[in-house]
file work_32.txt (compact mmCIF, C-alpha atoms)
# COMPACT_ATOMS: atom_id res chain seq x y z
CA MET V 1 97.72 -8.36 99.14
CA GLY V 2 95.15 -8.88 101.91
CA LEU V 3 94.19 -12.27 103.26
CA GLN V 4 90.83 -12.25 101.47
CA LEU V 5 92.44 -11.41 98.13
CA ARG V 6 95.06 -14.12 98.59
CA MET V 7 92.35 -16.67 99.35
CA CYS V 8 90.35 -15.59 96.30
CA TYR V 9 93.42 -15.80 94.07
CA GLY V 10 94.23 -19.23 95.49
CA LEU V 11 90.75 -20.53 94.71
CA ILE V 12 90.92 -19.17 91.16
CA MET V 13 94.30 -20.76 90.49
CA ALA V 14 93.21 -24.06 92.06
CA PHE V 15 90.29 -24.15 89.63
CA TRP V 16 92.52 -23.16 86.71
CA ASP V 17 94.96 -25.95 87.55
CA GLU V 18 92.13 -28.46 87.87
CA LEU V 19 90.66 -27.43 84.51
CA ASN V 20 94.01 -27.71 82.76
CA GLY V 21 94.78 -31.01 84.44
CA TRP V 22 91.50 -32.39 83.17
CA TYR V 23 92.31 -31.18 79.65
CA VAL V 24 95.75 -32.82 79.63
CA GLU V 25 94.25 -36.16 80.63
CA GLU V 26 91.45 -35.93 78.06
CA ALA V 27 93.86 -34.85 75.31
CA ARG V 28 95.66 -38.18 75.71
CA LYS V 29 92.38 -40.01 75.11
CA PHE V 30 91.58 -37.69 72.19
CA GLN V 31 94.70 -38.85 70.35
CA GLU V 32 93.50 -42.46 70.57
CA ILE V 33 90.17 -41.88 68.80
CA PRO V 34 90.37 -43.98 65.58
CA PHE V 35 89.51 -41.08 63.25
CA VAL V 36 92.04 -38.78 64.95
CA ARG V 37 94.72 -41.45 64.98
CA ARG V 38 94.29 -42.05 61.25
CA ALA V 39 94.33 -38.31 60.53
CA PHE V 40 97.61 -37.80 62.38
CA ALA V 41 99.09 -40.87 60.71
CA GLY V 42 98.15 -39.64 57.24
CA GLY V 43 95.65 -42.44 56.78
CA LEU V 44 92.40 -40.63 56.03
CA THR V 45 90.69 -41.31 52.73
CA ARG V 46 89.15 -38.54 50.65
CA PRO V 47 85.55 -39.69 51.39
CA GLU V 48 86.31 -39.75 55.14
CA TYR V 49 87.72 -36.23 55.04
CA VAL V 50 84.80 -34.93 52.97
CA HIS V 51 82.37 -36.51 55.43
CA PHE V 52 84.15 -34.79 58.31
CA LEU V 53 84.19 -31.38 56.64
CA LYS V 54 80.54 -31.51 55.55
CA ASP V 55 79.49 -32.17 59.15
CA TYR V 56 82.04 -29.82 60.72
CA TYR V 57 80.78 -26.97 58.54
CA HIS V 58 77.68 -26.83 60.75
CA PHE V 59 79.73 -26.54 63.96
CA VAL V 60 81.84 -23.73 62.51
CA ARG V 61 78.76 -21.90 61.21
CA SER V 62 77.11 -22.08 64.64
CA ALA V 63 80.03 -20.55 66.58
CA GLY V 64 79.32 -16.89 65.82
CA PRO V 65 75.57 -17.05 66.52
CA VAL V 66 76.01 -18.95 69.78
CA TYR V 67 78.71 -16.56 71.04
CA SER V 68 76.50 -13.60 70.10
CA ALA V 69 73.51 -15.12 71.89
CA CYS V 70 75.70 -15.82 74.91
CA ALA V 71 76.96 -12.22 75.09
CA ALA V 72 73.39 -10.93 74.95
CA LYS V 73 72.46 -12.96 78.04
CA ILE V 74 75.38 -11.91 80.27
CA ASP V 75 74.68 -8.98 82.60
CA TYR V 76 76.91 -6.16 83.87
CA ARG V 77 78.36 -8.28 86.70
CA PHE V 78 80.41 -10.19 84.14
CA ALA V 79 81.02 -7.36 81.67
CA ARG V 80 84.49 -8.63 80.82
CA VAL V 81 83.13 -12.03 79.80
CA ARG V 82 80.23 -10.43 77.91
CA ASP V 83 82.55 -8.18 75.91
CA TRP V 84 84.94 -11.04 75.20
CA PHE V 85 82.17 -13.19 73.74
CA ALA V 86 80.91 -10.24 71.67
CA LYS V 87 84.38 -9.81 70.17
CA CYS V 88 84.65 -13.54 69.50
CA ALA V 89 81.28 -13.53 67.74
CA PHE V 90 82.54 -10.81 65.41
CA LYS V 91 85.78 -12.70 64.74
CA GLU V 92 83.86 -15.84 63.83
CA ILE V 93 81.99 -14.13 60.98
CA ASP V 94 82.50 -16.02 57.70
CA HIS V 95 84.86 -18.62 59.20
CA ASP V 96 82.65 -21.23 57.58
CA ARG V 97 83.97 -19.97 54.23
CA PHE V 98 87.20 -21.88 54.93
CA VAL V 99 85.26 -25.15 55.11
CA VAL V 100 83.22 -24.28 52.01
CA SER V 101 86.45 -23.51 50.15
CA ASP V 102 88.07 -26.76 51.23
CA LEU V 103 85.08 -28.78 50.12
CA LYS V 104 85.02 -26.98 46.76
CA ALA V 105 88.67 -27.97 46.30
CA LEU V 106 87.55 -31.55 46.96
CA GLY V 107 84.81 -31.35 44.34
CA ILE V 108 81.80 -30.49 46.53
CA PRO V 109 79.77 -27.51 45.22
CA GLU V 110 79.17 -24.65 47.66
CA ALA V 111 75.40 -25.02 47.36
CA GLU V 112 75.61 -28.68 48.38
CA THR V 113 77.58 -27.77 51.51
CA ARG V 114 75.33 -24.90 52.55
CA GLN V 115 72.14 -26.88 51.96
CA SER V 116 73.38 -29.98 53.78
CA ARG V 117 72.12 -31.26 57.14
CA PRO V 118 74.41 -32.43 59.93
CA GLY V 119 74.50 -36.03 61.04
CA THR V 120 72.98 -37.01 64.38
CA ALA V 121 76.18 -36.65 66.43
CA MET V 122 77.02 -33.27 64.93
CA ASP V 123 73.45 -32.07 65.33
CA ALA V 124 73.67 -32.81 69.06
CA LEU V 125 77.00 -31.00 69.25
CA CYS V 126 75.67 -27.89 67.51
CA CYS V 127 72.49 -27.75 69.56
CA TYR V 128 74.17 -28.25 72.92
CA ASN V 129 75.59 -24.78 73.42
CA PHE V 130 72.39 -23.04 72.35
CA GLY V 131 70.60 -25.10 74.98
CA PHE V 132 73.33 -24.51 77.53
CA ILE V 133 73.00 -20.74 77.55
CA GLU V 134 69.25 -21.11 78.04
CA GLN V 135 69.41 -23.66 80.86
CA HIS V 136 72.66 -22.67 82.61
CA HIS V 137 74.52 -19.46 83.33
CA PRO V 138 75.94 -18.18 80.00
CA VAL V 139 79.32 -17.44 81.63
CA GLY V 140 79.80 -21.21 81.65
CA LEU V 141 80.12 -21.17 77.88
CA LEU V 142 83.76 -20.19 78.45
CA GLY V 143 84.35 -23.94 78.61
CA THR V 144 83.87 -24.16 74.85
CA PRO V 145 86.56 -21.71 73.65
CA PHE V 146 88.86 -23.06 76.37
CA LEU V 147 88.55 -26.58 74.99
CA MET V 148 88.36 -25.89 71.26
CA GLY V 149 91.10 -23.25 71.40
CA LYS V 150 93.51 -25.67 73.04
CA LEU V 151 92.72 -28.49 70.62
CA SER V 152 93.10 -26.18 67.63
CA ALA V 153 96.33 -24.56 68.80
CA VAL V 154 97.95 -27.94 69.44
CA TYR V 155 96.63 -30.09 66.61
CA SER V 156 95.37 -28.04 63.66
CA LEU V 157 98.63 -27.38 61.80
CA HIS V 158 99.81 -30.96 62.25
CA ALA V 159 96.45 -32.29 61.01
CA SER V 160 96.49 -30.00 57.95
CA GLN V 161 99.96 -31.15 56.94
CA LYS V 162 99.11 -34.84 57.29
CA ILE V 163 95.82 -34.48 55.40
CA LYS V 164 97.51 -32.59 52.54
CA GLU V 165 100.17 -35.28 52.25
CA ALA V 166 97.73 -38.19 52.44
CA LEU V 167 95.30 -36.79 49.88
CA ASN V 168 97.92 -35.12 47.68
CA LEU V 169 96.26 -31.70 48.03
CA LYS V 170 98.34 -29.22 46.08
CA GLU V 171 95.98 -26.23 46.10
CA GLY V 172 93.30 -25.84 48.76
CA GLY V 173 91.53 -28.50 50.72
CA ALA V 174 93.04 -27.85 54.16
CA SER V 175 92.66 -24.09 54.59
CA PHE V 176 90.41 -24.38 57.64
CA PHE V 177 92.97 -26.27 59.69
CA GLU V 178 95.84 -24.16 58.38
CA ALA V 179 94.11 -20.86 59.15
CA HIS V 180 92.98 -21.89 62.61
CA GLY V 181 96.33 -23.37 63.47
CA HIS V 182 97.64 -19.81 63.18
CA LEU V 183 94.56 -17.86 64.30
CA ASP V 184 94.07 -19.90 67.47
CA ARG V 185 97.64 -19.86 68.74
CA GLU V 186 96.87 -17.02 71.15
CA GLN V 187 93.34 -18.09 72.09
CA PRO V 188 94.25 -20.46 74.97
CA GLU V 189 96.11 -17.66 76.75
CA ASP V 190 93.40 -15.13 75.87
CA VAL V 191 90.49 -17.20 77.18
CA GLY V 192 92.63 -18.27 80.12
CA LEU V 193 92.89 -14.68 81.33
CA VAL V 194 89.12 -14.32 81.11
CA ILE V 195 88.50 -17.57 83.00
CA GLN V 196 90.97 -16.49 85.68
CA SER V 197 88.83 -13.40 86.29
CA ILE V 198 86.00 -15.65 87.53
CA ALA V 199 86.19 -16.11 91.30
CA GLU V 200 82.65 -17.42 91.85
CA THR V 201 82.76 -21.18 92.43
CA ASP V 202 79.29 -21.69 90.93
CA MET V 203 80.44 -20.03 87.68
CA GLN V 204 83.61 -22.13 87.70
CA ALA V 205 81.46 -25.25 88.00
CA GLU V 206 79.42 -24.12 84.98
CA ILE V 207 82.60 -23.61 82.92
CA PHE V 208 83.82 -27.08 83.84
CA LEU V 209 80.44 -28.64 83.03
CA ASN V 210 80.36 -26.97 79.62
CA ALA V 211 83.90 -28.07 78.73
CA LYS V 212 83.30 -31.66 79.86
CA THR V 213 79.97 -32.05 78.09
CA LEU V 214 81.13 -30.42 74.89
CA PHE V 215 84.20 -32.64 74.83
CA ALA V 216 82.06 -35.76 75.31
CA LEU V 217 79.84 -34.69 72.41
CA TYR V 218 82.85 -33.85 70.23
CA VAL V 219 84.41 -37.24 70.93
CA GLY V 220 81.07 -38.85 70.09
CA PHE V 221 81.03 -37.03 66.77
CA LEU V 222 84.59 -38.09 65.91
CA ARG V 223 83.86 -41.69 66.87
CA SER V 224 80.71 -41.65 64.71
CA LEU V 225 82.92 -40.99 61.68
CA SER V 226 84.41 -44.47 62.10
CA ASP V 227 81.09 -46.29 62.53

call {"tool": "encode", "arguments": {"input": "work_32.txt", "output": "structure tokens"}}
result
Amino acid sequence: MGLQLRMCYGLIMAFWDELNGWYVEEARKFQEIPFVRRAFAGGLTRPEYVHFLKDYYHFVRSAGPVYSACAAKIDYRFARVRDWFAKCAFKEIDHDRFVVSDLKALGIPEAETRQSRPGTAMDALCCYNFGFIEQHHPVGLLGTPFLMGKLSAVYSLHASQKIKEALNLKEGGASFFEAHGHLDREQPEDVGLVIQSIAETDMQAEIFLNAKTLFALYVGFLRSLSD
């Protein structure tokens, strides 16, 4: 490996280590959010969980469209990233059906869910990435699947089990967390390989900005559930 390649690889890995180090620190804070702490302790009430799902439905529904819009804005220089987002957009099709199904099991009609409007904190969260790909380089959107994939892979199955126990859910009600606990197990490694193909420091900065801002908005949403 030539000197230039070694330097490039070193810069990529330094960024990757910094990004993961940031995530580890923020994940500790994530576990202390009141709503999250109650969920992991089996202390959520049915109304609290319904409130969460009705808002979260809008975030899940927006994933496919925002990934598709992102892929359409990425040029040939980042073909690997473009193709990865296009595949993710396809995979996200109908994932909102898990949330609709869970809410139906909790007594909320499908029409009510699909006709609902997100709360203020969730509205900001959903709108952020659409705005990001218009105002920043769309490659930076890699920060979102990096963050959400890690959170899902680590916490989803545990959350689903605790929610089912707390609310005595025998059939349905936690399929979204259960499904994504399994579906997202490989995503952190998958998106990691894509991120590690980005050597440009300005693109790395965009990825970091997206992850940090999205996390701040996500934390704000979760905290709003306890207001």

call {"tool": "closest_residue", "arguments": {"input": "work_32.txt", "among": "V:Val36, V:Leu103, V:Val154, V:Arg114", "to": "V:Val24", "atoms": "all atoms listed in the file"}}
result
V:Val154

call {"tool": "residues_around", "arguments": {"input": "work_32.txt", "residues": "V:Ser226", "least_positions_apart": "2", "cutoff": "10 Å", "atoms": "all atoms listed in the file", "output": "list in words"}}
result
Ile33, Pro34, Phe35, Val36, Glu48, Phe221, Leu222, Arg223 and Ser224 of chain V

call {"tool": "residues_near_point", "arguments": {"input": "work_32.txt", "point": "(78.7, -10.5, 85.1)", "cutoff": "12 Å", "atoms": "only C-alpha atoms", "output": "PyMOL selection string"}}
result
chain V and resi 70-84+137-140+194+197-200+203

call {"tool": "closest_residue", "arguments": {"input": "work_32.txt", "among": "V:Leu147, V:Val66, V:Ala105, V:Ala14", "to": "V:Lys212", "atoms": "all atoms listed in the file"}}
result
V:Leu147

call {"tool": "closest_residue", "arguments": {"input": "work_32.txt", "among": "V:Asp55, V:Glu134, V:Asp102, V:Glu178", "to": "V:Thr120", "atoms": "only C-alpha atoms"}}
result
V:Asp55

call {"tool": "axis_aligned_box", "arguments": {"input": "work_32.txt", "around": "stretch 94-108 of chain V", "padding_each_side": "5 Å", "output": "lines of an AutoDock Vina configuration file"}}
result
center_x = 85.2
center_y = -23.8
center_z = 51.8
size_x = 16.9
size_y = 25.5
size_z = 24.9

call {"tool": "atom_distance", "arguments": {"input": "work_32.txt", "atom1": "atom CA of V:Arg117", "atom2": "atom CA of V:Tyr56"}}
result
10.6 Å

call {"tool": "residues_around", "arguments": {"input": "work_32.txt", "residues": "V:Leu44", "least_positions_apart": "5", "cutoff": "9 Å", "atoms": "all atoms listed in the file", "output": "PyMOL selection string"}}
result
chain V and resi 35+38-39+49+162-163+166-167

call {"tool": "residues_around", "arguments": {"input": "work_32.txt", "residues": "V:Ser175", "least_positions_apart": "6", "cutoff": "9 Å", "atoms": "all atoms listed in the file", "output": "list in words"}}
result
Phe98, Val99, Ser101, Asp102 and Ser160 of chain V

call {"tool": "write_last_selection", "arguments": {"input": "work_32.txt", "atoms": "C-alpha atoms", "output": "compact mmCIF listing (two decimals), in the frame of the given file"}}
result
# COMPACT_ATOMS: atom_id res chain seq x y z
CA PHE V 98 87.20 -21.88 54.93
CA VAL V 99 85.26 -25.15 55.11
CA SER V 101 86.45 -23.51 50.15
CA ASP V 102 88.07 -26.76 51.23
CA SER V 160 96.49 -30.00 57.95

call {"tool": "atom_distance", "arguments": {"input": "work_32.txt", "atom1": "atom CA of V:Gln31", "atom2": "atom CA of V:Leu53"}}
result
18.8 Å

call {"tool": "build_atoms", "arguments": {"input": "work_32.txt", "residues": "stretch 116-127 of chain V", "atoms": "all heavy atoms", "output": "CSV table (one decimal), in the coordinates of the input"}}
result
chain,number,residue,atom,x,y,z
V,116,SER,N,73.3,-28.7,53.1
V,116,SER,CA,73.4,-30.0,53.8
V,116,SER,C,72.8,-29.9,55.2
V,116,SER,O,72.6,-28.9,55.8
V,116,SER,CB,74.8,-30.4,53.8
V,116,SER,OG,75.6,-29.6,54.7
V,117,ARG,N,72.6,-31.1,55.8
V,117,ARG,CA,72.1,-31.3,57.1
V,117,ARG,C,73.2,-32.1,57.9
V,117,ARG,O,73.7,-33.0,57.4
V,117,ARG,CB,70.8,-32.0,57.2
V,117,ARG,CG,69.6,-31.2,56.6
V,117,ARG,CD,69.2,-30.0,57.4
V,117,ARG,NE,68.1,-29.3,56.9
V,117,ARG,CZ,68.2,-28.2,56.1
V,117,ARG,NH1,69.4,-27.8,55.8
V,117,ARG,NH2,67.1,-27.6,55.7
V,118,PRO,N,73.4,-31.7,59.2
V,118,PRO,CA,74.4,-32.4,59.9
V,118,PRO,C,73.9,-33.8,60.3
V,118,PRO,O,72.7,-34.0,60.4
V,118,PRO,CB,74.6,-31.6,61.2
V,118,PRO,CG,73.3,-30.8,61.3
V,118,PRO,CD,72.8,-30.6,59.9
V,119,GLY,N,74.9,-34.7,60.5
V,119,GLY,CA,74.5,-36.0,61.0
V,119,GLY,C,74.0,-35.9,62.5
V,119,GLY,O,74.1,-34.9,63.1
V,120,THR,N,73.6,-37.0,63.0
V,120,THR,CA,73.0,-37.0,64.4
V,120,THR,C,74.0,-36.5,65.4
V,120,THR,O,73.6,-35.7,66.3
V,120,THR,CB,72.5,-38.4,64.8
V,120,THR,OG1,71.5,-38.9,63.8
V,120,THR,CG2,71.9,-38.4,66.1
V,121,ALA,N,75.2,-37.0,65.4
V,121,ALA,CA,76.2,-36.6,66.4
V,121,ALA,C,76.5,-35.2,66.3
V,121,ALA,O,76.7,-34.5,67.3
V,121,ALA,CB,77.4,-37.5,66.3
V,122,MET,N,76.7,-34.7,65.1
V,122,MET,CA,77.0,-33.3,64.9
V,122,MET,C,75.8,-32.4,65.3
V,122,MET,O,76.0,-31.3,65.8
V,122,MET,CB,77.5,-33.0,63.5
V,122,MET,CG,77.8,-31.5,63.2
V,122,MET,SD,78.9,-30.7,64.4
V,122,MET,CE,80.4,-31.5,64.0
V,123,ASP,N,74.6,-32.8,65.0
V,123,ASP,CA,73.4,-32.1,65.3
V,123,ASP,C,73.4,-31.9,66.8
V,123,ASP,O,73.1,-30.8,67.3
V,123,ASP,CB,72.2,-32.8,64.8
V,123,ASP,CG,71.0,-31.9,64.8
V,123,ASP,OD1,71.1,-30.7,64.5
V,123,ASP,OD2,69.9,-32.4,65.0
V,124,ALA,N,73.7,-32.9,67.6
V,124,ALA,CA,73.7,-32.8,69.1
V,124,ALA,C,74.7,-31.8,69.5
V,124,ALA,O,74.5,-31.0,70.4
V,124,ALA,CB,73.9,-34.2,69.7
V,125,LEU,N,75.9,-31.9,68.9
V,125,LEU,CA,77.0,-31.0,69.2
V,125,LEU,C,76.6,-29.5,69.0
V,125,LEU,O,76.9,-28.7,69.8
V,125,LEU,CB,78.2,-31.4,68.4
V,125,LEU,CG,79.5,-30.6,68.7
V,125,LEU,CD1,80.0,-30.8,70.2
V,125,LEU,CD2,80.6,-31.1,67.8
V,126,CYS,N,76.0,-29.3,67.9
V,126,CYS,CA,75.7,-27.9,67.5
V,126,CYS,C,74.6,-27.4,68.4
V,126,CYS,O,74.6,-26.2,68.8
V,126,CYS,CB,75.2,-27.8,66.1
V,126,CYS,SG,76.5,-28.1,64.8
V,127,CYS,N,73.6,-28.2,68.8
V,127,CYS,CA,72.5,-27.8,69.6
V,127,CYS,C,72.8,-27.6,71.0
V,127,CYS,O,72.2,-26.8,71.7
V,127,CYS,CB,71.3,-28.8,69.4
V,127,CYS,SG,70.5,-28.8,67.8
